[in-house]
Every structure is written in structure tokens, then in C-alpha cells.
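Colleague: Mind having a look at this structure? Questions to follow.
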Amino acid sequence: MRVIKFPLLTLTISFAAGIVAQFFMQFSFNVLFAIISIFFLLFGYFFWRSIKNLLQNIFFGTISYLLVFILGMFTFFVHSDQNSKNHYTKQLFEETNSIRAIVSTSLKTNEKYNKYFIQLKSFNDSTVSGKILLYVPKTNQQKLHSGDEIWLNSNLYPIPKAFNPYQFDYAAYMEKQHVFHQIYAVENQIKVIQTHHNFDYKIEKLRNNLSNSFDIHHFDSKTKAIVDALLLGQRVDLDKETVTDYSNAGVIHILAISGLHISIIYFFIVFLLKPLRRIPFGKEIELLIVLALLWLFAFLTGLPASVIRAVTLFSFVSIGKYFNQSKAIYNAIAVSALLILLFRPNAIFDIGFQLSYAAVLSIVLFHPFYKKFYFSKNKIAIYFTDIVLVSLAAQIGVLPLSLYYFNQLPLLFLLANLVIIPISTAVLIGGIIILFFNFVLPDFALFLGKILALIIDFMNKYIHWIAQFKSGIITNISFSVWLTIILYVVIISFIYWLYHFKSKNFKYVLLNVFLFQMSYFGIKFTENNTSELIVLNSKSSAIAIKQNNNIIAFTDNPEINLEALNHYKRGTFSDSLRIFPMRNVLSFNDKRILVIDSVGIYKTSIRPEIIVLTQNPKINLSRLITEIKPKLVIADKTNYKKNNTLWEATCRKEKIPFHAIAEKGFYKLK
């Protein structure tokens, strides 16, 4: 009999859970080795017993899942760069470090810098491993490319954590990619020693050649950026306005190559290769060509998680069709995820990875019910109905994650997708055809390019029109991890009811909806019954006082601090935010806060518990402490570093706690 009958999907979920557990628990190698040895012995024992039994043993199933869970933990440990003995973080850092590295990836640029991931070879003459984020000024004479071996002397800086509460934590995001430090190079500081013609170099060169082939069309910058994004997965040249429009319209997935694009390419390739089935071994040749072209496209896009997932999935779909097993879609999804996590366990933390799997699982789960909504047998009507249903299913699948990560809900995504999906399909297929003729028949390619430019221009204008409806998107939604989990429980119970369509099963949906509501009210009640004071980490002085569900902020530059204050309002589930000019004396929970600005004038009769120094006041802090006797001194980010150093020394001498916002981050008082 077949002993192991456990579904791959649940085993993959168990493996992923192990990765997440190891990320938070950080067990050592010895502990993991001991645990995995015990579970292998238990697995072998229960495996041997299950062979003799006609029915599966529940203990064997439990041990199997736990073993996979531990394997997930061990896989994360093995792939964690910091566990390597040669990792650069185990070296002694100096004020200026000699660094030799190879450029691996070019990243999206900002206004001042080009950005790269570099793989270290040596650090202060020691052979090391590890990845660092490198910023190079755009004024630098030489642009770096994948495969360039570089040398420079530079300081290493930790990647800054979130400046203020509930803001995006860039340091945590980079840590999940095993990047812990960054370098800001000065102009022409970097010396290129040689260029390695490695895989990264060859892929970047091929990608650049394909992208440069469109130069003959003289597309405007927006059109060219869309072409590069859809065909080559390169979003570095997309302007902020375009990205914002697509995001607000709920179709940002169009600009990020994912399952939609891979499915279009897959079916287009299969359509072109149909004649091969008439020749001997034609099916085998077709399969090999499909797999080769899909993976070539994946490498050209830089192997983002969403592309790897989609290409792996359609690879298994192709193999399944070859062996007449095309219906094993759940196993194909599970195997694609498992393979990605085996080689890149950190992918589980990638937002794109999570969104893409949530979307594809939702589409597959709802797919059996699509036919109930077909109002016509006309193929065109069915096509547009499928667009609506697939979009709706995908949106349901990603809804909890979208609320948690992006705190917004686009309401016009169906209207946008109904037009944009057919147009983006035409752009993608048309772009591939034009790409071929760019090299073979440039004159004909120029003719097709004019049509493509018109289509892209219409697509951008339509999206911009959709995005202009302010009521078409709900922003700044308060959401938490727990609410995300509970909302997925609601969705799963709803799907369960659809598959087991009985009135008694609908009670599970209602019960989970009630649980979600109670969870939301519970979180809001807890947040709205707390009070705290925050001194923001900002270039312009700002102090926020939260009393129950209301926030009062004090700042002389609201436009600079508004975004941070909105993040804080959303994260604390508060109902209102009012902003007033900065005051010299504030009160919080019977505590007085004295704010001393550049004028340096204050009243000694106030007797505050907390002093906030801002805008480099010229004061004698030692005398001030003697006169007022505060319990805490805070210096916000508007002060010079040298002043912070002097004030810290004074506070240490007077045995008064000192908090420098620029070094330690925002200050919270409850």
C-alpha cells in the first residue's frame, strides 16, 4: 500500500511555518541537529509501523508534519548568511574599511544615487562572504554593471530602522534579504578591477541588448518604461506618478511580472508551437522549448519571487499536460512553492511572494463556480466574464494582505481590470512580436511600434482617469497581523461553505465574521484606552500626544510631518488627528514637558519632568539641570551631532537619562 498520502499543499505550508519559526526563534545548529535527529528516528519508527497497518496512524501523520516543520527551520538556518563563519559581520569594523566585491544586481535608483547589491570577496584583507547595499552618486563617471569586481575604502553604516512608529521598516525588510549594512560611495571613489563574465553579467547584457533594441522607436520615457516593465521585468525607470496611478486603480500587478504575464506568454508560446505536434517527437520538442523559453524569460527578469512561482507553476502544468495529468493544479502550486523555499527560504517574507500565492490559490479555489455566472455562450462574453471573476477571486485572496501591508482598498479594480487586462495582453504579445522584428525587420517593427505606443498611451491615460476618483480608493485603513489572520479564516470558511453548500455550514462563516468583528472592536478598544506621548524622529520638530482615540500633534511644519502623523494615527486605530503650532510647555498625564528651541528662553518656575531640546538652543545645560532638576532630557533630530555629544556628557555627569532622537530613534512615553 502507499504509506505516505499526505497532500503536498499542507506539507508545504508546514515547511513554510518552520522557516518563519526559525526566523523568530533563531535556534543554534546544535539544537536544530538534535531536534531533527530525534524526529527522523520517530519518523522511521512510525513509518515502519505504518507499513504493517491497513489504516494510517495519526501519530505517523503528526510526526511527518513536524519533521517537515523542522526541515523548514533547518533550511532557513543553512541559507542564513550570518551563520557562515566567513560572514563579514564577524570581522572587526574599522573607521574606513578596505572592501573588494562583485556587483550582483542593479536596483531601482533614487534622485541622487544608483543602487546595487554587491557580494563581498574580501574585507580588510580577509576573505569573507555577505551582501551589502551600495549607493553610488549618479554623477559618478562610470556606471557599474553585474559582474564588475570593485574595490573601495569606505565606512559601513547599519541600514536605518523605521524612523517613526508604524512606518515601513526598511532595515527589517533588508534583513530578510540578508542585507545588514550599506555604503555611501563618494564620486569616482570606486575602482573597477575587472569584469567577470559570469551568469549575472551575461543575463544583464542580454537584457540590455533586448531593451536597447527598442531605441529605434524613440518611445517617450513613460512608454519605454512600460515596455521594459512588461517585457523584461525592469521597473527601475517607472516614474512615481505612473506607479501611484496603477496602485490607486488597483492594477499595480500589471507592472510587476507575475502569473498573469507568465500565463499570457505560456499560452502564446503553446499556440506558436502547435504545428510541432504533427512531427515525430513533436510533443517532447514542444515541452523542452516551452520550458526553455519560460525559464529564459524568468532569468531575464532577474528571478523575482512572483516570476519564479509562476514559471515553476507553468513548468509543472506543461509537464502534467505531457503526462496527461493537467488537473493536478494544487500539487503544481505546492511543488512550485516548495522548490522556491528550498533554495530561497527568505522568499516567504517577500510581499510579492505572499500576494502571488494568495491570488493564485484564491483563483483556483473559486474556479469551479465560474460557470454559474456565464450569462452567454459567446466566447467574447465568456472571456470578459472570466476577467471579472478572476479579478474578483484574486482580490478576495489578497484582500487581507493588501489591507495589512498597504492599508488601502481600491474600489474600482473591476472597472480597471476589465479594460486593462485585454490591453496589457495585447501590449505584452505585441511587444514580443516587435522585439523579434527589431532584429529581423526593423522597418516593419517601426510600424508596429507606433501602434504599440498608441495602445500604451491609452492604457496609461485610462488608468490615470480611474485613479483620479478619490472616492474610488479607501486609504489609511487601520489593520493588524491578527486581523489579517482572522480575515483569512473568514475567507476559508466561506470557501468551505461553497464546496459544502449546506445551510448548517454557513454558521461557520457567520461565526468567523463575528470573531473578526469582535477582534477589531477588541483591538480598537485596547488602543483607544491608552495614552502616550511621542517625540518624532523628524527633520522638523514634532511631538504627538495620544489621549484615548484622539491625537494632538505640535509642529511648526505640518507638511513635513503629516505622513508620519498619519501612519501613527492609522497604527493606533485613532479616530482624529489635530495639528497645532509647537508650544514651549506641554502637559501629558500630569507631567510637564518643557520645549527649549533656538531662542533658548525658558522659565525656571515651570519645574518640568522632561526637557526637549530642539533647533540647537544655546544654553548651559548643567545649570538648567541644577535649576529645574528634570527626570529626562531629550534632544530631537534638529540638533547638531556635536551638541548631542556635549549634552549627553553633561547628563551622564549629572546622572540624568539622555535620549538623542538622531541616534536612538523616536521617544515614546506612556
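Every chain in the C-alpha cells has a letter given in the order shown (A, B, ...), and although residue numbers restart at 1 in each chain, ligands are simply numbered from 1 in the order shown.
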Could you list, as a VMD selection string, every residue within 9 Å of Gln468 in chain A, counting only C-alpha atoms and ignoring same-chain residues fewer than 4 positions away?
Modeller: chain A and resid 245 248 to 249 463 to 464 472
Colleague: Taking the chain letters and numbering used in this document, name the residues of range 576-636 of chain A that DSSP puts in alpha helix (DSSP H), as a VMD selection string.
Modeller: chain A and resid 621 to 628
Colleague: Include all heavy atoms and write out the residues we just selected as a PDB file, in the first residue's frame.
Modeller:
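Saved the output as result_29.pdb:
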```pdb
ATOM      1  N   LEU A 621      23.393  73.623  29.865  1.00  0.00           N
ATOM      2  CA  LEU A 621      22.538  72.508  30.279  1.00  0.00           C
ATOM      3  C   LEU A 621      22.796  72.113  31.729  1.00  0.00           C
ATOM      4  O   LEU A 621      21.860  71.757  32.455  1.00  0.00           O
ATOM      5  CB  LEU A 621      22.752  71.307  29.352  1.00  0.00           C
ATOM      6  CG  LEU A 621      21.864  70.094  29.614  1.00  0.00           C
ATOM      7  CD1 LEU A 621      20.398  70.464  29.494  1.00  0.00           C
ATOM      8  CD2 LEU A 621      22.197  68.950  28.652  1.00  0.00           C
ATOM      9  N   SER A 622      24.048  72.205  32.161  1.00  0.00           N
ATOM     10  CA  SER A 622      24.369  71.838  33.545  1.00  0.00           C
ATOM     11  C   SER A 622      23.636  72.748  34.517  1.00  0.00           C
ATOM     12  O   SER A 622      23.048  72.279  35.511  1.00  0.00           O
ATOM     13  CB  SER A 622      25.881  71.913  33.767  1.00  0.00           C
ATOM     14  OG  SER A 622      26.201  71.550  35.091  1.00  0.00           O
ATOM     15  N   ARG A 623      23.643  74.039  34.237  1.00  0.00           N
ATOM     16  CA  ARG A 623      22.942  74.973  35.112  1.00  0.00           C
ATOM     17  C   ARG A 623      21.428  74.745  35.055  1.00  0.00           C
ATOM     18  O   ARG A 623      20.723  74.822  36.072  1.00  0.00           O
ATOM     19  CB  ARG A 623      23.278  76.403  34.695  1.00  0.00           C
ATOM     20  CG  ARG A 623      22.685  77.471  35.625  1.00  0.00           C
ATOM     21  CD  ARG A 623      23.201  78.845  35.276  1.00  0.00           C
ATOM     22  NE  ARG A 623      22.803  79.239  33.919  1.00  0.00           N
ATOM     23  CZ  ARG A 623      23.275  80.332  33.309  1.00  0.00           C
ATOM     24  NH1 ARG A 623      24.172  81.098  33.912  1.00  0.00           N
ATOM     25  NH2 ARG A 623      22.872  80.622  32.087  1.00  0.00           N
ATOM     26  N   LEU A 624      20.933  74.454  33.830  1.00  0.00           N
ATOM     27  CA  LEU A 624      19.498  74.192  33.670  1.00  0.00           C
ATOM     28  C   LEU A 624      19.067  72.991  34.507  1.00  0.00           C
ATOM     29  O   LEU A 624      18.023  73.020  35.177  1.00  0.00           O
ATOM     30  CB  LEU A 624      19.189  73.952  32.189  1.00  0.00           C
ATOM     31  CG  LEU A 624      17.755  73.546  31.846  1.00  0.00           C
ATOM     32  CD1 LEU A 624      16.778  74.654  32.184  1.00  0.00           C
ATOM     33  CD2 LEU A 624      17.639  73.187  30.369  1.00  0.00           C
ATOM     34  N   ILE A 625      19.861  71.921  34.496  1.00  0.00           N
ATOM     35  CA  ILE A 625      19.530  70.722  35.265  1.00  0.00           C
ATOM     36  C   ILE A 625      19.553  71.020  36.761  1.00  0.00           C
ATOM     37  O   ILE A 625      18.692  70.554  37.518  1.00  0.00           O
ATOM     38  CB  ILE A 625      20.520  69.578  34.915  1.00  0.00           C
ATOM     39  CG1 ILE A 625      20.290  69.112  33.461  1.00  0.00           C
ATOM     40  CG2 ILE A 625      20.359  68.410  35.879  1.00  0.00           C
ATOM     41  CD1 ILE A 625      21.306  68.119  32.970  1.00  0.00           C
ATOM     42  N   THR A 626      20.521  71.836  37.172  1.00  0.00           N
ATOM     43  CA  THR A 626      20.620  72.202  38.587  1.00  0.00           C
ATOM     44  C   THR A 626      19.405  72.999  39.033  1.00  0.00           C
ATOM     45  O   THR A 626      18.861  72.793  40.133  1.00  0.00           O
ATOM     46  CB  THR A 626      21.903  73.017  38.835  1.00  0.00           C
ATOM     47  OG1 THR A 626      23.038  72.256  38.427  1.00  0.00           O
ATOM     48  CG2 THR A 626      22.041  73.371  40.321  1.00  0.00           C
ATOM     49  N   GLU A 627      18.949  73.905  38.153  1.00  0.00           N
ATOM     50  CA  GLU A 627      17.820  74.767  38.500  1.00  0.00           C
ATOM     51  C   GLU A 627      16.485  74.029  38.468  1.00  0.00           C
ATOM     52  O   GLU A 627      15.629  74.208  39.347  1.00  0.00           O
ATOM     53  CB  GLU A 627      17.764  75.964  37.540  1.00  0.00           C
ATOM     54  CG  GLU A 627      18.927  76.931  37.687  1.00  0.00           C
ATOM     55  CD  GLU A 627      18.891  78.033  36.637  1.00  0.00           C
ATOM     56  OE1 GLU A 627      18.149  77.863  35.640  1.00  0.00           O
ATOM     57  OE2 GLU A 627      19.597  79.035  36.802  1.00  0.00           O
ATOM     58  N   ILE A 628      16.288  73.200  37.448  1.00  0.00           N
ATOM     59  CA  ILE A 628      14.968  72.595  37.214  1.00  0.00           C
ATOM     60  C   ILE A 628      14.858  71.181  37.772  1.00  0.00           C
ATOM     61  O   ILE A 628      13.783  70.741  38.169  1.00  0.00           O
ATOM     62  CB  ILE A 628      14.637  72.617  35.703  1.00  0.00           C
ATOM     63  CG1 ILE A 628      14.547  74.075  35.214  1.00  0.00           C
ATOM     64  CG2 ILE A 628      13.359  71.877  35.396  1.00  0.00           C
ATOM     65  CD1 ILE A 628      14.254  74.213  33.747  1.00  0.00           C
TER      66      ILE A 628
END
```
Colleague: Need to verify the contact set: range 529-539 of chain A, 10 Å, only C-alpha atoms, exclusion of same-chain residues closer than 6 positions in sequence. Can you return it as a ChimeraX atom specification?
Modeller: /A:162-165,545-554,557,560-561,564-565,568,572,587-589,612,615,634-639,660-670
Colleague: Go through A:Arg607, A:His218, A:His567, A:Lys191 one by one, measure the shortest atom-to-atom distance of each to Phe168 in chain A using only C-alpha atoms, and give the residue with the smallest value.
Modeller: A:His567
